[in-house]
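Engineer: Quick one: structure below, then a few questions.
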2 protein chains.
Amino acid sequence: MQLIEGKKISNEIKIEIAEEVKQFVASGGKQPHLAAILIGNDGASETYVGHKVKACSQVGFKSTLVRFKDDVSEKEVIDKIQEINNNDDIDGLIVQLPIPKHISEEKVIKIISPKKDVDGFHPENVGRMVAGLPTFISATPFGILELLKRYNIETQGKHCVVIGRSNIVGKPISILMSRKAYPGDSTVTVCHSRTKNIEEITKQADIIVVALGYAEYLKANMIKEGAVVIDVGITRVKSDKTKSGWKLLGDVKFDEVSKKSSFITPVPGGVGPMTIVSLLKNTLLSAKGSIYK
Amino acid sequence: MQLIEGKKISNEIKIEIAEEVKQFVASGGKQPHLAAILIGNDGASETYVGHKVKACSQVGFKSTLVRFKDDVSEKEVIDKIQEINNNDDIDGLIVQLPIPKHISEEKVIKIISPKKDVDGFHPENVGRMVAGLPTFISATPFGILELLKRYNIETQGKHCVVIGRSNIVGKPISILMSRKAYPGDSTVTVCHSRTKNIEEITKQADIIVVALGYAEYLKANMIKEGAVVIDVGITRVKSDKTKSGWKLLGDVKFDEVSKKSSFITPVPGGVGPMTIVSLLKNTLLSAKGSIYK
């Protein structure tokens, strides 16, 4: 069994991005610039945005953090997004989710210019992904593809089973793994809450992506010997063995599944750390004009 | 075995649409209006557009056919599309494909307003489909869903195997069959040219959608008893048994597969006739403002 070390890979990629930015700027290119909108002061959201801002500075990006109070009006947020859409210095714009209920998430996502939508959530970017056109692929699927690539995991003709059909992981990764490309060219099965006899399907998988949000769902008896296991779940559970009193669990029962798998991502330190570098990569692609010409 | 009679169903749906148009107009709604752009004079394209125009008049739609010569410039086509985008009387716009090579198909598809893209090819509409938002679903997948519905075929928890990963059939139908809805909620596997041991997978299918464009590809020994078989292929082959000297074959070896299946679409007369009614349905949805508010 080989551990897929997302944490390590993400640090390597950050160094690569920093180098690429340096060269791009030296050759007359603009410094990539990411803007983030944060509404309210939810602790987790604060932390996530903080990580993103810090990562920007690590790789030599400019970043702008726009803060709104919880009771900001939808119009104010939308006006700000439009201002950023029209600001040529800003290459990427993200709105940290979740946002307060009185503001429509759908409307906010749609108003972000697809050209700056480095989260890859805008329907136009999702549609471009389906059509195989250049696009901003959203962070988690982008990170999974990158991990498969960095570990030279063969995907062509393999059976990839995706558990979960969420808009942000299950659906996009299933589409990407079946496209004519590397990583991809897999036979892909999407399973979900309505799937019957799921073990019969997971046992056929050469590659399994688990994105259910159900702690330790995938057991060793559900996979075949030598499967590649990508664990997207993160659930926080109480623990008397950690200082904080909490620990993080993935969707995979790691101790037993890891013994049977060929490659496996740990939680934490697997897919998670890749999401920020995906965002950085998309912002760099935007600054370089690589997606929308 | 029950034959899924697309021809018959499509005629029934046309009558329903005509009735709906009548009521909509009587209650002060506008007459739906479809515009089609035809470039050059390819025989098949002429026929297809002719059928669409005829179908419009059958259901009480207005239609406008815009013809360009083969050597029309890309700019002229794009200008015309923009004119139609801005014409409030027109609810739907299609450009008959294929178009001459000097005009970019991608550019043409993207310039059509998503709000009038009743073919459902614009990335924004594809992305909305993935996200489960109201959208124009493209003709063939829309027609397949409608047939499953009209024959009350159970899809929840069924294993649906899609053979083919084209942008216009394989990818969208696989996404639609796995979404949380009826028809849908199936466990979905997408197979394609890189799939190994395909019979092992097709034999597991409760529902098979074949969209390869490979005449009589699916044989009886590849399916399990009682499977539902949807045949999207159309290949024209020489025949000394028909007056025209040609006959149409599907992707399914109908004579043997039909004996083993529970439901099956014939070729011709199965999925094919549904595509025009899908276009009509989308145009009516557009006229009613049901997709984009």
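All residue names refer to the structure tokens as shown: chains lettered A, B, ... in order, residues numbered from 1 in each chain, ligands numbered from 1 in order.
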Near chain A, meaning an atom within 9 Å, which residues of chain B appear when counting only C-alpha atoms? Write them as a PDB file with N, CA and C atoms, in the first residue's frame.

Structural biologist:
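The result, written out as result_27.pdb:
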```
ATOM      1  N   HIS B 122     -25.807  24.947 -25.336  1.00  0.00           N
ATOM      2  CA  HIS B 122     -24.963  25.981 -24.734  1.00  0.00           C
ATOM      3  C   HIS B 122     -24.391  25.473 -23.407  1.00  0.00           C
ATOM      4  N   PRO B 123     -23.085  25.726 -23.157  1.00  0.00           N
ATOM      5  CA  PRO B 123     -22.487  25.244 -21.912  1.00  0.00           C
ATOM      6  C   PRO B 123     -23.283  25.640 -20.671  1.00  0.00           C
ATOM      7  N   GLU B 124     -23.883  26.816 -20.698  1.00  0.00           N
ATOM      8  CA  GLU B 124     -24.638  27.230 -19.519  1.00  0.00           C
ATOM      9  C   GLU B 124     -25.833  26.300 -19.271  1.00  0.00           C
ATOM     10  N   ASN B 125     -26.497  25.884 -20.342  1.00  0.00           N
ATOM     11  CA  ASN B 125     -27.630  24.973 -20.167  1.00  0.00           C
ATOM     12  C   ASN B 125     -27.167  23.567 -19.769  1.00  0.00           C
ATOM     13  N   VAL B 126     -26.034  23.149 -20.310  1.00  0.00           N
ATOM     14  CA  VAL B 126     -25.472  21.851 -19.915  1.00  0.00           C
ATOM     15  C   VAL B 126     -25.104  21.892 -18.425  1.00  0.00           C
ATOM     16  N   GLY B 127     -24.476  22.988 -18.013  1.00  0.00           N
ATOM     17  CA  GLY B 127     -24.090  23.140 -16.613  1.00  0.00           C
ATOM     18  C   GLY B 127     -25.295  23.174 -15.689  1.00  0.00           C
ATOM     19  N   ARG B 128     -26.353  23.845 -16.124  1.00  0.00           N
ATOM     20  CA  ARG B 128     -27.580  23.883 -15.327  1.00  0.00           C
ATOM     21  C   ARG B 128     -28.189  22.487 -15.194  1.00  0.00           C
ATOM     22  N   MET B 129     -28.065  21.707 -16.244  1.00  0.00           N
ATOM     23  CA  MET B 129     -28.563  20.325 -16.174  1.00  0.00           C
ATOM     24  C   MET B 129     -27.789  19.554 -15.105  1.00  0.00           C
ATOM     25  N   VAL B 130     -26.448  19.693 -15.116  1.00  0.00           N
ATOM     26  CA  VAL B 130     -25.625  18.988 -14.132  1.00  0.00           C
ATOM     27  C   VAL B 130     -26.008  19.424 -12.715  1.00  0.00           C
ATOM     28  N   ALA B 131     -26.256  20.732 -12.550  1.00  0.00           N
ATOM     29  CA  ALA B 131     -26.568  21.253 -11.219  1.00  0.00           C
ATOM     30  C   ALA B 131     -28.012  20.991 -10.813  1.00  0.00           C
ATOM     31  N   GLY B 132     -28.813  20.427 -11.732  1.00  0.00           N
ATOM     32  CA  GLY B 132     -30.207  20.151 -11.409  1.00  0.00           C
ATOM     33  C   GLY B 132     -31.089  21.390 -11.438  1.00  0.00           C
ATOM     34  N   GLN B 156     -35.723   4.063 -10.461  1.00  0.00           N
ATOM     35  CA  GLN B 156     -35.082   4.259  -9.162  1.00  0.00           C
ATOM     36  C   GLN B 156     -34.372   2.987  -8.683  1.00  0.00           C
ATOM     37  N   GLY B 157     -33.083   3.152  -8.368  1.00  0.00           N
ATOM     38  CA  GLY B 157     -32.310   2.015  -7.852  1.00  0.00           C
ATOM     39  C   GLY B 157     -31.938   0.999  -8.920  1.00  0.00           C
ATOM     40  N   LYS B 158     -32.342   1.253 -10.166  1.00  0.00           N
ATOM     41  CA  LYS B 158     -31.981   0.340 -11.254  1.00  0.00           C
ATOM     42  C   LYS B 158     -30.558   0.646 -11.712  1.00  0.00           C
ATOM     43  N   HIS B 159     -29.923  -0.348 -12.303  1.00  0.00           N
ATOM     44  CA  HIS B 159     -28.589  -0.113 -12.854  1.00  0.00           C
ATOM     45  C   HIS B 159     -28.750   0.238 -14.339  1.00  0.00           C
ATOM     46  N   VAL B 161     -26.910   1.252 -17.726  1.00  0.00           N
ATOM     47  CA  VAL B 161     -25.606   1.258 -18.394  1.00  0.00           C
ATOM     48  C   VAL B 161     -25.732   2.046 -19.692  1.00  0.00           C
ATOM     49  N   ARG B 165     -20.056   7.991 -24.931  1.00  0.00           N
ATOM     50  CA  ARG B 165     -19.856   9.166 -24.064  1.00  0.00           C
ATOM     51  C   ARG B 165     -19.869  10.449 -24.874  1.00  0.00           C
ATOM     52  N   SER B 166     -20.760  10.502 -25.889  1.00  0.00           N
ATOM     53  CA  SER B 166     -20.824  11.706 -26.723  1.00  0.00           C
ATOM     54  C   SER B 166     -21.431  12.866 -25.930  1.00  0.00           C
ATOM     55  N   ASN B 167     -21.103  14.082 -26.385  1.00  0.00           N
ATOM     56  CA  ASN B 167     -21.652  15.265 -25.726  1.00  0.00           C
ATOM     57  C   ASN B 167     -23.161  15.368 -25.889  1.00  0.00           C
ATOM     58  N   LYS B 171     -23.080  11.493 -22.470  1.00  0.00           N
ATOM     59  CA  LYS B 171     -22.823  12.259 -21.246  1.00  0.00           C
ATOM     60  C   LYS B 171     -24.115  12.787 -20.614  1.00  0.00           C
ATOM     61  N   PRO B 172     -24.958  13.501 -21.397  1.00  0.00           N
ATOM     62  CA  PRO B 172     -26.154  14.038 -20.726  1.00  0.00           C
ATOM     63  C   PRO B 172     -27.086  12.952 -20.180  1.00  0.00           C
ATOM     64  N   ILE B 175     -25.840  11.662 -16.869  1.00  0.00           N
ATOM     65  CA  ILE B 175     -26.039  12.621 -15.774  1.00  0.00           C
ATOM     66  C   ILE B 175     -27.509  12.624 -15.343  1.00  0.00           C
ATOM     67  N   SER B 178     -28.772   9.603 -13.304  1.00  0.00           N
ATOM     68  CA  SER B 178     -28.310   9.451 -11.925  1.00  0.00           C
ATOM     69  C   SER B 178     -28.842  10.544 -11.001  1.00  0.00           C
ATOM     70  N   ARG B 179     -29.507  11.547 -11.561  1.00  0.00           N
ATOM     71  CA  ARG B 179     -29.992  12.636 -10.690  1.00  0.00           C
ATOM     72  C   ARG B 179     -31.176  12.156  -9.828  1.00  0.00           C
ATOM     73  N   LYS B 180     -31.432  12.921  -8.782  1.00  0.00           N
ATOM     74  CA  LYS B 180     -32.489  12.583  -7.830  1.00  0.00           C
ATOM     75  C   LYS B 180     -33.827  13.030  -8.399  1.00  0.00           C
ATOM     76  N   ASP B 185     -32.453   8.584 -10.606  1.00  0.00           N
ATOM     77  CA  ASP B 185     -32.193   7.837  -9.380  1.00  0.00           C
ATOM     78  C   ASP B 185     -31.639   6.443  -9.648  1.00  0.00           C
ATOM     79  N   SER B 186     -31.073   6.268 -10.841  1.00  0.00           N
ATOM     80  CA  SER B 186     -30.448   4.988 -11.177  1.00  0.00           C
ATOM     81  C   SER B 186     -28.978   5.012 -10.783  1.00  0.00           C
ATOM     82  N   THR B 187     -28.436   3.836 -10.539  1.00  0.00           N
ATOM     83  CA  THR B 187     -26.988   3.673 -10.492  1.00  0.00           C
ATOM     84  C   THR B 187     -26.549   3.666 -11.953  1.00  0.00           C
ATOM     85  N   VAL B 188     -25.612   4.524 -12.325  1.00  0.00           N
ATOM     86  CA  VAL B 188     -25.304   4.676 -13.751  1.00  0.00           C
ATOM     87  C   VAL B 188     -23.853   4.333 -14.055  1.00  0.00           C
ATOM     88  N   THR B 189     -23.654   3.496 -15.057  1.00  0.00           N
ATOM     89  CA  THR B 189     -22.300   3.206 -15.532  1.00  0.00           C
ATOM     90  C   THR B 189     -22.157   3.685 -16.970  1.00  0.00           C
ATOM     91  N   VAL B 190     -21.084   4.420 -17.232  1.00  0.00           N
ATOM     92  CA  VAL B 190     -20.798   4.878 -18.596  1.00  0.00           C
ATOM     93  C   VAL B 190     -19.668   4.035 -19.177  1.00  0.00           C
ATOM     94  N   CYS B 191     -19.956   3.369 -20.286  1.00  0.00           N
ATOM     95  CA  CYS B 191     -18.951   2.565 -21.002  1.00  0.00           C
ATOM     96  C   CYS B 191     -18.598   3.257 -22.312  1.00  0.00           C
ATOM     97  N   HIS B 192     -17.424   2.969 -22.832  1.00  0.00           N
ATOM     98  CA  HIS B 192     -16.993   3.593 -24.076  1.00  0.00           C
ATOM     99  C   HIS B 192     -15.891   2.753 -24.703  1.00  0.00           C
ATOM    100  N   SER B 193     -15.243   3.304 -25.703  1.00  0.00           N
ATOM    101  CA  SER B 193     -14.261   2.535 -26.481  1.00  0.00           C
ATOM    102  C   SER B 193     -13.132   1.966 -25.631  1.00  0.00           C
ATOM    103  N   ARG B 194     -12.854   2.573 -24.485  1.00  0.00           N
ATOM    104  CA  ARG B 194     -11.756   2.096 -23.645  1.00  0.00           C
ATOM    105  C   ARG B 194     -12.201   1.083 -22.589  1.00  0.00           C
ATOM    106  N   THR B 195     -13.488   0.819 -22.534  1.00  0.00           N
ATOM    107  CA  THR B 195     -14.001  -0.108 -21.517  1.00  0.00           C
ATOM    108  C   THR B 195     -13.555  -1.537 -21.814  1.00  0.00           C
ATOM    109  N   LYS B 196     -13.092  -2.207 -20.768  1.00  0.00           N
ATOM    110  CA  LYS B 196     -12.679  -3.604 -20.921  1.00  0.00           C
ATOM    111  C   LYS B 196     -13.829  -4.519 -20.502  1.00  0.00           C
TER     112      LYS B 196
END
```

Engineer: Considering only C-alpha atoms, return as JSON, numbers by chain whatever protein or nucleic-acid residues lie within 10 Å of A:Glu146, sequence-local ones (same chain, fewer than 4 positions apart) excluded.

Structural biologist: {"A": [6, 9, 10, 13, 140, 141, 142, 150, 151, 152, 183, 271, 274, 277, 278]}

Engineer: Can you check which residues of stretch 126-173 of chain B DSSP gives as strand (DSSP E) on the backbone and send them as a PyMOL selection string?

Structural biologist: chain B and resi 159-163

Engineer: Check the DSSP output for the backbone and give back, as a ChimeraX atom specification, the residues of stretch 109-289 of chain A in helix (DSSP H, G or I).

Structural biologist: /A:109-111,114-116,123-131,139-150,170-178,198-202,220-222,254-260,272-287

Engineer: Kindly give the distance, in Å, that separates atom CA of B:Glu83 and atom CA of B:Ile112, rounded to a single decimal.

Structural biologist: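 Computing it gives 10.2 Å between the two atoms.
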
Engineer: Near A:Leu280, within 8 Å and counting only C-alpha atoms, which residues show up once chain neighbours fewer than 6 positions away are dropped, as an NGL selection string?

Structural biologist: :A and (17 or 55-56)

Engineer: Please identify all polymer residues within 7 Å of stretch 40-53 of chain B, counting only C-alpha atoms, omitting same-chain residues fewer than 2 positions from it, and present them as a PDB file with C-alpha atoms, in the first residue's frame.

Structural biologist:
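Done, and the output landed in around-v5.pdb:
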```pdb
ATOM      1  CA  LEU B  38     -29.693  26.595 -42.195  1.00  0.00           C
ATOM      2  CA  ALA B  55     -43.818  20.180 -36.841  1.00  0.00           C
ATOM      3  CA  CYS B  56     -44.016  23.822 -35.726  1.00  0.00           C
ATOM      4  CA  SER B  57     -46.996  24.447 -37.943  1.00  0.00           C
ATOM      5  CA  SER B  63     -41.426  29.430 -37.349  1.00  0.00           C
ATOM      6  CA  PHE B  68     -27.423  31.221 -45.767  1.00  0.00           C
ATOM      7  CA  LYS B  69     -25.271  30.084 -48.667  1.00  0.00           C
ATOM      8  CA  ASP B  70     -22.324  27.773 -47.999  1.00  0.00           C
ATOM      9  CA  GLN B  96     -28.838  23.151 -37.977  1.00  0.00           C
ATOM     10  CA  ILE B 276     -38.461  16.902 -32.763  1.00  0.00           C
TER      11      ILE B 276
END
```

Engineer: Rounded to one decimal place, report the atom CA of A:Asp91-atom CA of A:Glu20 distance in Å.

Structural biologist: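 Calculated distance between atom CA of A:Asp91 and atom CA of A:Glu20 is 15.9 Å.
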
Engineer: Can you pull out every residue within 12 Å of B:Lys101, counting only C-alpha atoms, but drop anything in the same chain fewer than 3 positions away, and send it as number ranges by chain?

Structural biologist: B: 39-40, 70-74, 97-98, 104-106, 108

Engineer: Just want the 8 Å neighbourhood of B:Leu3, counted on only C-alpha atoms, with same-chain residues fewer than 3 positions away dropped. Output as a list in words.

Structural biologist: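 Final neighbour list, sorted by chain and number: Phe263, Ile264, Thr265 and Pro266 of chain B.
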
Engineer: For a quick check of understanding, using only C-alpha atoms, which of B:Val95, B:Ile109, B:Val118, B:Ala36 has the smallest distance to B:Ala287?

Structural biologist: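 Ranked by minimum distance to B:Ala287, first place goes to B:Val118.
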
Engineer: Applying 7 Å and only C-alpha atoms, which residues near B:Ile90 remain after dropping the ones on its own chain fewer than 5 positions away? List them as a PyMOL selection string.

Structural biologist: chain B and resi 33-35+84
